[in-house]
>>> print(open('run-v1.txt').read())   # compact mmCIF, C-alpha atoms
# COMPACT_ATOMS: atom_id res chain seq x y z
CA LEU Z 1 -2.42 39.86 -115.37
CA GLN Z 2 -0.77 37.30 -113.10
CA PRO Z 3 1.36 39.83 -111.11
CA LEU Z 4 -1.72 42.04 -110.66
CA THR Z 5 -3.72 39.09 -109.36
CA ALA Z 6 -1.00 38.22 -106.88
CA LEU Z 7 -0.91 41.84 -105.67
CA LEU Z 8 -4.65 41.84 -105.06
CA LEU Z 9 -4.41 38.66 -103.02
CA LEU Z 10 -1.87 40.26 -100.70
CA VAL Z 11 -4.21 43.12 -99.82
CA PRO Z 12 -6.06 42.19 -96.57
CA TYR Z 13 -9.81 41.95 -96.69
CA SER Z 14 -11.64 44.88 -95.13
CA PRO Z 15 -15.06 44.07 -93.64
CA THR Z 16 -16.37 47.61 -94.13
CA SER Z 17 -19.27 46.29 -96.14
CA ALA Z 18 -20.03 43.54 -93.61
CA THR Z 19 -22.04 44.02 -90.44
CA LEU Z 20 -19.76 44.95 -87.53
CA GLU Z 21 -20.46 45.03 -83.84
CA LYS Z 22 -21.10 48.44 -82.38
CA PRO Z 23 -18.13 50.03 -80.60
CA ILE Z 24 -17.84 50.21 -76.81
CA LEU Z 25 -17.93 53.68 -75.26
CA SER Z 26 -16.20 54.04 -71.86
CA LEU Z 27 -15.90 56.85 -69.31
CA HIS Z 28 -12.82 57.73 -67.21
CA PRO Z 29 -13.19 58.16 -64.25
CA PRO Z 30 -16.25 55.89 -64.32
CA TRP Z 31 -18.83 58.25 -62.74
CA THR Z 32 -21.85 59.65 -64.53
CA THR Z 33 -22.12 62.78 -62.34
CA ILE Z 34 -19.37 65.37 -61.97
CA PHE Z 35 -19.05 68.84 -60.46
CA LYS Z 36 -19.22 71.92 -62.63
CA GLY Z 37 -15.81 72.77 -64.12
CA GLU Z 38 -14.47 69.19 -64.06
CA ARG Z 39 -13.48 67.27 -67.19
CA VAL Z 40 -13.78 63.58 -68.00
CA THR Z 41 -12.40 61.40 -70.81
CA LEU Z 42 -14.54 59.42 -73.27
CA ARG Z 43 -12.95 56.53 -75.20
CA CYS Z 44 -14.39 54.70 -78.22
CA ASP Z 45 -13.15 51.12 -78.75
CA GLY Z 46 -14.25 49.31 -81.89
CA TYR Z 47 -13.07 48.03 -85.25
CA GLN Z 48 -10.05 49.90 -86.60
CA PRO Z 49 -8.94 49.40 -90.26
CA LEU Z 50 -5.46 48.09 -91.06
CA LEU Z 51 -2.73 50.51 -92.11
CA LEU Z 52 -2.64 49.17 -95.70
CA GLU Z 53 -6.01 50.72 -96.44
CA LEU Z 54 -5.90 54.03 -98.22
CA ARG Z 55 -8.65 55.79 -96.29
CA PRO Z 56 -7.64 57.36 -92.96
CA ILE Z 57 -8.84 56.06 -89.59
CA SER Z 58 -11.85 58.03 -88.37
CA THR Z 59 -14.18 58.06 -85.34
CA LEU Z 60 -17.38 60.04 -85.19
CA TRP Z 61 -18.61 61.64 -81.95
CA TYR Z 62 -22.16 62.75 -81.16
CA LEU Z 63 -23.55 64.95 -78.38
CA GLY Z 64 -27.26 64.34 -78.65
CA HIS Z 65 -27.93 64.88 -82.38
CA LEU Z 66 -24.93 67.21 -82.79
CA LEU Z 67 -21.81 65.90 -84.59
CA LEU Z 68 -18.63 66.91 -82.75
CA PRO Z 69 -15.57 68.03 -84.76
CA SER Z 70 -13.11 65.54 -83.19
CA HIS Z 71 -12.15 62.27 -84.96
CA LYS Z 72 -9.80 60.91 -82.30
CA ARG Z 73 -10.38 57.72 -80.38
CA SER Z 74 -10.53 59.65 -77.06
CA ILE Z 75 -11.90 63.09 -76.23
CA GLU Z 76 -12.24 65.22 -73.07
CA VAL Z 77 -15.63 66.74 -72.29
CA GLN Z 78 -17.26 68.82 -69.57
CA THR Z 79 -20.66 69.56 -71.12
CA PRO Z 80 -23.64 67.59 -69.81
CA GLY Z 81 -25.64 65.50 -72.23
CA VAL Z 82 -25.88 62.14 -74.00
CA TYR Z 83 -22.69 61.03 -75.81
CA ARG Z 84 -22.28 58.37 -78.51
CA CYS Z 85 -19.51 57.33 -80.87
CA GLN Z 86 -19.22 55.44 -84.17
CA THR Z 87 -16.38 53.84 -86.09
CA ARG Z 88 -16.38 53.48 -89.85
CA GLY Z 89 -18.73 50.74 -91.05
CA ALA Z 90 -20.12 49.97 -87.60
CA PRO Z 91 -23.39 51.05 -85.92
CA VAL Z 92 -23.58 53.73 -83.24
CA SER Z 93 -22.46 52.77 -79.72
CA ASP Z 94 -24.62 52.63 -76.61
CA PRO Z 95 -25.08 56.08 -75.02
CA ILE Z 96 -23.51 57.54 -71.87
CA HIS Z 97 -25.46 60.22 -70.03
CA LEU Z 98 -23.15 62.74 -68.32
CA SER Z 99 -24.60 64.98 -65.59
CA VAL Z 100 -22.97 68.16 -64.22
CA SER Z 101 -23.97 69.36 -60.75
CA ASN Z 102 -23.44 72.58 -58.82
CA ASP Z 103 -24.62 71.14 -55.46
CA TRP Z 104 -22.56 70.67 -52.31
CA LEU Z 105 -23.08 66.89 -52.37
CA ILE Z 106 -23.40 64.42 -55.28
CA LEU Z 107 -23.88 60.65 -55.47
CA GLN Z 108 -21.67 59.07 -58.12
CA VAL Z 109 -22.66 55.69 -59.60
CA PRO Z 110 -21.01 53.60 -62.37
CA TYR Z 111 -21.79 54.56 -65.95
CA ALA Z 112 -21.76 50.94 -67.18
CA ALA Z 113 -24.49 48.41 -66.51
CA VAL Z 114 -23.99 46.28 -63.39
CA PHE Z 115 -24.92 42.59 -63.68
CA GLU Z 116 -25.80 39.97 -61.10
CA GLY Z 117 -22.76 38.74 -59.20
CA GLU Z 118 -20.69 41.83 -59.99
CA SER Z 119 -19.55 44.45 -57.51
CA LEU Z 120 -21.70 47.60 -57.18
CA VAL Z 121 -19.77 50.67 -55.95
CA MET Z 122 -21.21 54.11 -55.18
CA ARG Z 123 -19.44 57.24 -53.93
CA CYS Z 124 -20.91 60.17 -51.99
CA ARG Z 125 -18.66 63.11 -52.86
CA GLY Z 126 -18.47 66.58 -51.35
CA TRP Z 127 -17.72 69.86 -53.17
CA TYR Z 128 -13.97 70.21 -53.89
CA ASP Z 129 -13.55 66.75 -52.37
CA LYS Z 130 -14.36 67.92 -48.87
CA VAL Z 131 -14.75 65.17 -46.27
CA VAL Z 132 -18.37 64.16 -45.65
CA TYR Z 133 -19.24 63.27 -42.04
CA LYS Z 134 -22.20 61.33 -40.61
CA LEU Z 135 -22.65 59.74 -44.02
CA HIS Z 136 -25.87 57.83 -44.78
CA TYR Z 137 -26.72 55.89 -47.94
CA TYR Z 138 -30.40 55.37 -48.83
CA ARG Z 139 -32.24 53.02 -51.22
CA ASP Z 140 -35.84 53.93 -52.05
CA GLY Z 141 -35.98 56.20 -49.00
CA GLN Z 142 -34.67 53.57 -46.55
CA ALA Z 143 -31.23 53.89 -44.91
CA VAL Z 144 -28.99 50.97 -45.93
CA ARG Z 145 -25.55 51.97 -44.59
CA TYR Z 146 -23.91 54.49 -42.23
CA PHE Z 147 -20.28 55.67 -42.14
CA HIS Z 148 -18.55 58.11 -39.81
CA SER Z 149 -16.81 59.88 -42.73
CA SER Z 150 -16.35 59.68 -46.50
CA THR Z 151 -16.46 56.02 -47.57
CA ASN Z 152 -17.71 54.30 -50.71
CA TYR Z 153 -20.75 52.05 -50.42
CA THR Z 154 -19.99 48.63 -51.94
CA VAL Z 155 -22.22 45.63 -52.62
CA PRO Z 156 -19.75 42.76 -53.27
CA GLN Z 157 -22.17 40.56 -55.24
CA ALA Z 158 -25.12 42.57 -56.50
CA ARG Z 159 -28.57 41.07 -57.01
CA THR Z 160 -31.55 42.36 -58.94
CA SER Z 161 -33.14 43.19 -55.59
CA ASP Z 162 -30.39 45.81 -55.10
CA SER Z 163 -31.92 47.94 -57.86
CA GLY Z 164 -33.61 51.18 -56.83
CA ARG Z 165 -33.22 54.93 -56.41
CA TYR Z 166 -30.19 55.75 -54.26
CA GLN Z 167 -29.36 58.90 -52.33
CA CYS Z 168 -26.78 60.00 -49.75
CA SER Z 169 -26.67 62.59 -46.98
CA GLY Z 170 -24.03 64.00 -44.65
CA THR Z 171 -22.45 67.08 -43.14
CA MET Z 172 -19.34 69.09 -44.10
CA ARG Z 173 -17.15 71.55 -42.20
CA ILE Z 174 -17.31 74.82 -44.18
CA PRO Z 175 -15.60 75.95 -41.91
CA VAL Z 176 -17.90 74.74 -39.11
CA GLU Z 177 -20.02 71.63 -39.37
CA SER Z 178 -23.06 72.26 -41.55
CA ALA Z 179 -26.58 70.95 -41.33
CA PRO Z 180 -27.25 67.59 -43.04
CA MET Z 181 -27.18 67.89 -46.85
CA PHE Z 182 -28.81 65.53 -49.34
CA SER Z 183 -27.73 64.57 -52.85
CA ASP Z 184 -30.06 64.10 -55.79
CA LYS Z 185 -31.59 60.64 -56.24
CA VAL Z 186 -29.93 58.41 -58.83
CA ALA Z 187 -31.55 55.33 -60.40
CA VAL Z 188 -29.43 52.16 -60.27
CA THR Z 189 -30.46 48.98 -62.08
CA VAL Z 190 -28.78 45.60 -61.60
CA GLN Z 191 -29.19 43.64 -64.83
CA GLU Z 192 -30.10 39.95 -64.91
CA LEU Z 193 -27.06 37.93 -66.02
CA PHE Z 194 -29.10 34.96 -67.27
CA GLN Z 195 -32.66 33.77 -67.03
CA ALA Z 196 -33.84 31.06 -64.66
CA PRO Z 197 -33.18 27.72 -66.39
CA VAL Z 198 -35.86 25.34 -67.65
CA LEU Z 199 -35.37 21.56 -67.81
CA ARG Z 200 -36.73 20.09 -71.06
CA VAL Z 201 -36.88 16.59 -72.56
CA ILE Z 202 -34.83 16.11 -75.73
CA GLY Z 203 -35.78 12.54 -76.58
CA ARG Z 204 -35.14 8.85 -76.09
CA VAL Z 205 -31.54 7.55 -75.98
CA GLU Z 206 -31.25 3.98 -77.19
CA ALA Z 207 -28.85 1.58 -75.49
CA ARG Z 208 -25.76 0.82 -77.58
CA GLY Z 209 -23.43 -1.87 -76.35
CA ALA Z 210 -22.23 -1.04 -72.85
CA ALA Z 211 -23.83 2.41 -72.97
CA PRO Z 212 -27.19 2.31 -71.14
CA GLY Z 213 -30.32 3.85 -72.57
CA GLY Z 214 -32.63 6.41 -71.05
CA VAL Z 215 -34.14 9.83 -71.70
CA ALA Z 216 -31.98 12.87 -72.52
CA VAL Z 217 -32.85 16.19 -70.87
CA ARG Z 218 -31.34 19.65 -71.32
CA CYS Z 219 -31.01 22.57 -68.88
CA GLU Z 220 -31.83 25.63 -71.01
CA THR Z 221 -31.24 29.29 -70.15
CA ARG Z 222 -30.38 32.54 -71.95
CA LEU Z 223 -27.56 34.97 -71.20
CA HIS Z 224 -27.87 38.74 -71.45
CA PRO Z 225 -26.71 39.92 -74.93
CA GLN Z 226 -23.87 41.94 -73.38
CA LYS Z 227 -22.69 38.85 -71.48
CA HIS Z 228 -23.18 36.23 -74.17
CA ASP Z 229 -19.62 34.92 -73.71
CA THR Z 230 -20.01 34.22 -69.96
CA PRO Z 231 -19.38 30.49 -69.31
CA LEU Z 232 -22.03 28.66 -67.29
CA GLN Z 233 -22.04 25.30 -65.53
CA PHE Z 234 -24.97 22.98 -64.95
CA ALA Z 235 -25.96 20.45 -62.27
CA PHE Z 236 -28.85 17.97 -62.21
CA TYR Z 237 -30.91 16.69 -59.27
CA LYS Z 238 -33.52 14.06 -58.48
CA TYR Z 239 -35.52 15.41 -55.55
CA SER Z 240 -32.65 16.58 -53.27
CA ARG Z 241 -30.08 14.05 -54.50
CA VAL Z 242 -27.39 15.22 -56.90
CA VAL Z 243 -27.31 12.96 -59.95
CA ARG Z 244 -24.64 15.00 -61.76
CA ARG Z 245 -22.48 17.70 -60.18
CA PHE Z 246 -21.66 21.02 -61.84
CA ASP Z 247 -20.15 20.55 -65.27
CA TRP Z 248 -19.96 22.49 -68.52
CA GLY Z 249 -22.44 20.29 -70.38
CA PRO Z 250 -26.10 21.39 -70.28
CA GLU Z 251 -27.39 17.87 -71.12
CA TYR Z 252 -27.94 14.78 -68.96
CA THR Z 253 -29.32 11.31 -69.64
CA VAL Z 254 -31.79 9.94 -67.11
CA PRO Z 255 -31.10 6.19 -66.75
CA GLU Z 256 -33.79 3.78 -67.87
CA PRO Z 257 -34.68 2.58 -64.31
CA GLU Z 258 -35.42 6.20 -63.28
CA VAL Z 259 -37.51 7.15 -66.31
CA GLU Z 260 -40.72 6.37 -64.41
CA GLU Z 261 -39.78 9.16 -61.97
CA LEU Z 262 -38.75 11.62 -64.66
CA GLU Z 263 -40.86 14.42 -63.21
CA SER Z 264 -38.82 14.36 -60.00
CA HIS Z 265 -35.79 15.88 -61.78
CA TRP Z 266 -34.68 19.54 -61.92
CA CYS Z 267 -31.46 21.38 -62.78
CA GLU Z 268 -29.37 24.34 -61.68
CA ALA Z 269 -27.29 26.82 -63.69
CA ALA Z 270 -24.43 28.85 -62.20
CA THR Z 271 -21.36 30.86 -63.06
CA ALA Z 272 -17.95 29.28 -62.69
CA THR Z 273 -17.38 31.13 -59.40
CA ARG Z 274 -20.93 30.28 -58.14
CA SER Z 275 -21.59 33.98 -57.62
CA VAL Z 276 -24.93 33.54 -59.41
CA ARG Z 277 -26.94 30.33 -59.09
CA LYS Z 278 -30.49 29.75 -60.34
CA ARG Z 279 -32.76 26.70 -60.11
CA SER Z 280 -35.25 25.41 -62.61
CA PRO Z 281 -38.82 24.26 -61.88
CA TRP Z 282 -39.61 20.56 -61.83
CA LEU Z 283 -39.48 18.86 -65.20
CA GLN Z 284 -42.78 19.12 -67.08
CA LEU Z 285 -43.39 16.19 -69.38
CA PRO Z 286 -44.51 16.75 -72.98
CA GLY Z 287 -47.23 14.71 -74.68
CA ARG Z 288 -46.82 11.02 -74.16
CA GLY Z 289 -46.87 10.35 -77.86
CA SER Z 290 -43.59 12.19 -78.44
CA LEU Z 291 -41.57 9.69 -76.37
CA ASP Z 292 -43.88 6.67 -76.42
CA LEU Z 293 -43.40 6.33 -72.66
CA GLU Z 294 -45.81 5.84 -69.81
CA PHE Z 295 -44.52 8.29 -67.23
CA THR Z 296 -45.91 7.50 -63.78
CA THR Z 297 -44.56 9.27 -60.72
CA VAL Z 298 -45.32 8.58 -57.09
CA PRO Z 299 -44.90 11.66 -54.91
CA ALA Z 300 -42.67 11.20 -51.88
CA PRO Z 301 -43.79 12.70 -48.56
CA GLN Z 302 -40.58 14.67 -48.15
CA ALA Z 303 -40.54 16.05 -51.69
CA ALA Z 304 -42.38 19.26 -50.84
CA ALA Z 305 -39.61 20.39 -48.48
CA LEU Z 306 -36.92 19.60 -51.04
CA ALA Z 307 -38.53 21.28 -54.05
CA PRO Z 308 -37.00 24.37 -55.64
CA ILE Z 309 -38.55 27.61 -54.42
CA ASN Z 310 -39.35 28.82 -57.93
CA LYS Z 311 -42.43 26.66 -58.44
CA PRO Z 312 -44.63 24.33 -56.31
CA LEU Z 313 -44.55 20.59 -56.80
CA SER Z 314 -46.85 18.99 -59.33
CA PHE Z 315 -46.97 15.18 -59.44
CA ARG Z 316 -49.19 12.69 -61.23
CA LYS Z 317 -51.01 10.75 -58.57
CA PRO Z 318 -52.29 7.16 -58.95
CA PRO Z 319 -56.07 6.65 -59.15
CA VAL Z 320 -57.95 6.43 -55.85
CA PHE Z 321 -60.54 3.65 -55.48
CA LYS Z 322 -63.80 4.71 -53.86
CA SER Z 323 -66.82 2.64 -52.80
CA VAL Z 324 -70.34 3.68 -51.78
CA PRO Z 325 -71.75 2.28 -48.50
CA PHE Z 326 -74.75 -0.03 -48.81
CA VAL Z 327 -77.74 1.21 -46.78
CA THR Z 328 -81.18 -0.38 -46.52
CA SER Z 329 -84.20 1.62 -45.41
CA ILE Z 330 -87.41 0.14 -43.99
CA PRO Z 331 -90.62 1.36 -45.65
CA ASN Z 332 -93.00 3.68 -43.79
CA THR Z 333 -90.20 5.16 -41.70
CA THR Z 334 -88.66 8.59 -41.63
CA SER Z 335 -85.09 9.41 -42.66
CA SER Z 336 -84.03 9.04 -39.04
CA GLY Z 337 -85.41 5.51 -38.99
CA LEU Z 338 -82.89 3.94 -41.41
CA LEU Z 339 -82.04 0.39 -40.35
CA PHE Z 340 -79.49 -2.17 -41.47
CA PRO Z 341 -80.27 -5.87 -42.03
CA LEU Z 342 -80.00 -7.81 -38.80
CA GLY Z 343 -77.65 -10.36 -40.19
CA SER Z 344 -74.91 -8.04 -41.44
CA ALA Z 345 -73.61 -4.55 -40.97
CA PRO Z 346 -72.85 -2.33 -43.93
CA THR Z 347 -69.38 -2.71 -45.35
CA ALA Z 348 -67.58 -0.32 -47.62
CA GLY Z 349 -63.96 -1.07 -48.34
CA PRO Z 350 -61.33 -1.42 -51.03
CA PRO Z 351 -61.18 -4.40 -53.37
CA ALA Z 352 -60.59 -7.86 -51.95
CA CYS Z 353 -56.89 -7.71 -52.76
CA ALA Z 354 -56.33 -4.74 -50.44
CA PRO Z 355 -55.85 -5.40 -46.68
CA PRO Z 356 -58.56 -4.07 -44.34
CA THR Z 357 -57.96 -0.73 -42.73
CA PRO Z 358 -57.96 -0.29 -38.92
CA LEU Z 359 -61.36 1.44 -39.17
CA GLU Z 360 -62.87 -1.54 -40.97
CA GLN Z 361 -61.41 -3.98 -38.43
CA SER Z 362 -62.99 -2.06 -35.57
CA ALA Z 363 -66.36 -1.97 -37.42
CA ARG Z 364 -66.29 -5.75 -37.85
CA ALA Z 365 -65.57 -6.21 -34.15
CA LEU Z 366 -68.72 -4.21 -33.29
CA LYS Z 367 -71.11 -6.27 -35.46
CA PRO Z 368 -72.67 -8.43 -32.63
CA ASP Z 369 -73.33 -5.39 -30.44
CA VAL Z 370 -75.02 -3.57 -33.31
CA GLY Z 371 -77.35 -6.52 -33.97
CA LEU Z 372 -78.34 -6.76 -30.31
CA LEU Z 373 -79.01 -3.03 -30.19
CA LEU Z 374 -81.28 -3.24 -33.23
CA ARG Z 375 -83.35 -6.06 -31.71
CA GLU Z 376 -83.83 -4.10 -28.49
CA MET Z 377 -84.90 -1.04 -30.50
CA GLN Z 378 -87.54 -3.13 -32.32
CA LEU Z 379 -88.95 -4.44 -29.00
CA LEU Z 380 -89.11 -0.92 -27.61
CA LYS Z 381 -90.88 0.25 -30.73
CA GLY Z 382 -93.56 -2.45 -30.28
CA LEU Z 383 -94.17 -1.49 -26.66
CA LEU Z 384 -94.51 2.18 -27.55
CA SER Z 385 -97.01 1.28 -30.31
CA ARG Z 386 -99.24 -0.60 -27.81
CA VAL Z 387 -99.12 2.35 -25.38
CA VAL Z 388 -100.20 4.80 -28.06
CA LEU Z 389 -102.97 2.48 -29.25
CA GLU Z 390 -104.40 2.07 -25.72
CA LEU Z 391 -104.46 5.82 -25.26
CA LYS Z 392 -106.50 6.27 -28.41
CA GLU Z 393 -108.81 3.17 -28.42
CA PRO Z 394 -108.69 1.03 -25.23
CA GLN Z 395 -111.43 -1.34 -26.47
CA ALA Z 396 -109.61 -2.09 -29.71
CA LEU Z 397 -106.53 -3.00 -27.74
CA LEU Z 398 -108.60 -5.33 -25.54
CA GLU Z 399 -109.99 -7.15 -28.56
CA LEU Z 400 -106.47 -7.53 -29.97
CA THR Z 401 -105.20 -9.08 -26.77
CA GLY Z 402 -107.81 -11.95 -27.01
CA THR Z 403 -107.38 -14.31 -24.05
CA PRO Z 404 -107.86 -13.39 -20.36
CA GLU Z 405 -104.37 -14.67 -19.63
CA THR Z 406 -102.86 -11.86 -21.71
CA PRO Z 407 -101.94 -8.95 -19.49
CA THR Z 408 -103.26 -5.57 -20.49
CA PHE Z 409 -102.11 -2.08 -19.73
CA HIS Z 410 -104.45 0.52 -18.23
CA LEU Z 411 -103.26 4.09 -18.15
CA ALA Z 412 -104.70 6.59 -15.72
CA VAL Z 413 -103.99 10.07 -16.96
CA SER Z 414 -104.32 13.11 -14.75
CA SER Z 415 -103.39 16.71 -15.13
CA SER Z 416 -100.55 16.42 -12.66
CA LYS Z 417 -98.83 13.16 -13.52
CA LEU Z 418 -99.07 10.03 -15.65
CA GLU Z 419 -99.61 6.73 -13.79
CA THR Z 420 -99.44 3.27 -15.39
CA THR Z 421 -100.79 0.16 -13.63
CA THR Z 422 -100.93 -3.45 -14.68
CA VAL Z 423 -104.11 -5.34 -13.83
CA GLU Z 424 -104.57 -9.08 -14.18
CA SER Z 425 -108.03 -9.83 -15.69
>>> encode(input="run-v1.txt", output="structure tokens")
Amino acid sequence: LQPLTALLLLVPYSPTSATLEKPILSLHPPWTTIFKGERVTLRCDGYQPLLLELRPISTLWYLGHLLLPSHKRSIEVQTPGVYRCQTRGAPVSDPIHLSVSNDWLILQVPYAAVFEGESLVMRCRGWYDKVVYKLHYYRDGQAVRYFHSSTNYTVPQARTSDSGRYQCSGTMRIPVESAPMFSDKVAVTVQELFQAPVLRVIGRVEARGAAPGGVAVRCETRLHPQKHDTPLQFAFYKYSRVVRRFDWGPEYTVPEPEVEELESHWCEAATATRSVRKRSPWLQLPGRGSLDLEFTTVPAPQAAALAPINKPLSFRKPPVFKSVPFVTSIPNTTSSGLLFPLGSAPTAGPPACAPPTPLEQSARALKPDVGLLLREMQLLKGLLSRVVLELKEPQALLELTGTPETPTFHLAVSSSKLETTTVES
């Protein structure tokens, strides 16, 4: 039994029963649209068993739901349709849709997905590779590029905004120059490489020896499943100031003196070449009980111009003290007859510890003038009351005056004008 056991240990382990990644199906040349009669090569790259295994190497090919007879790793095809492949023990690959055209002009786009930061190349091709003149490329019906003759349209670093339905047009000499011809529209989608990051609080970091304490934060994002191995770098900011430049670590510790302004921090994620860079919103604090901290932030005036464009600023503002003015009204007067006490003007200001504002200083300077104005208004009111009383009951006014030395007012009223004379009795 011992020699048999040793022989079994030498046989390599085959992961046919384990879950394998699906194979990668590629197209050569890399264009999804071809002319009728042309042939292209499909290649299936995936797990291949070692030679010591007894079962032969096999690859399965599918055209739609039809199983093709070939078991090679590469095959040549010219039939339009949806192709897939499968290696033993692995799931089916992603599909490739091959189109065959009989038009004079076709627009060829890459078969594989294009991600942010990658190059996007399109080719407007004429029948039998004839030169295309007065070449226009369109996206969603709008012209984006013009060339004098056959030239590929290239976007060096594609963005998601470059997605759309593309089309090309041009003329060919067959044998004389033809009228403008248009290709069919082709949908192109630029995939998002990674999501916009979010800055989150991890927890409190206690000071240990020379290492200072603070609050640990993490810049979190998620890569596309097909690009899960793409390395990303992270940078951290406080307002517009860089507190840690781009590095491979997604975590940063906010020092203890800056914890009170924790909400002023944000982060940025980028590829190593900086072809794709994305900012996070401002840090949103969790419940105060989770960190046992009193986070208080004072918004800076210039912070709004320095904020990331993804989300508007949101700060916690300190409480605002308000006071209600003290107003005294005299009985038997209308709302327009509100008067203040003669000795003091109304004051409404912040607590005693706060310095007076310029408006309050100017109000205090006007106090004597206001008191004088009020006294003059009271005298005028008394004179008007006597005039009204004499108009209604002249005898009553005479009895109120009392002594002959008191001057009285006699009003002579006519239809044309009002005359007032003073007569000494």
>>> closest_residue(input="run-v1.txt", among="Z:Glu116, Z:Asp45, Z:Glu220, Z:Glu260", to="Z:Cys85", atoms="only C-alpha atoms")
Z:Asp45
>>> residues_around(input="run-v1.txt", residues="Z:Asp247", least_positions_apart="2", cutoff="9 Å", atoms="all atoms listed in the file", output="PyMOL selection string")
chain Z and resi 232-235+244-245+249-250
>>> closest_atom_pairs(input="run-v1.txt", of="stretch 146-239 of chain Z", to="stretch 24-41 of chain Z", cutoff="12 Å", atoms="only C-alpha atoms", output="tab-separated table")
residue	atom	partner	partner_atom	distance
Z:Ser183	CA	Z:Thr33	CA	11.2
Z:Asp184	CA	Z:Thr33	CA	10.4
Z:Lys185	CA	Z:Thr33	CA	11.5
Z:Val186	CA	Z:Thr33	CA	9.6
Z:Ala187	CA	Z:Thr32	CA	11.4
Z:Val188	CA	Z:Thr32	CA	11.5
Z:Gln226	CA	Z:Ile24	CA	10.8
>>> atom_distance(input="run-v1.txt", atom1="atom CA of Z:Val254", atom2="atom CA of Z:Val215")
5.2 Å
>>> atom_distance(input="run-v1.txt", atom1="atom CA of Z:Tyr237", atom2="atom CA of Z:Leu193")
22.6 Å
>>> closest_residue(input="run-v1.txt", among="Z:Thr79, Z:Ser149, Z:Ser93, Z:Ser58", to="Z:Leu20", atoms="only C-alpha atoms")
Z:Ser93
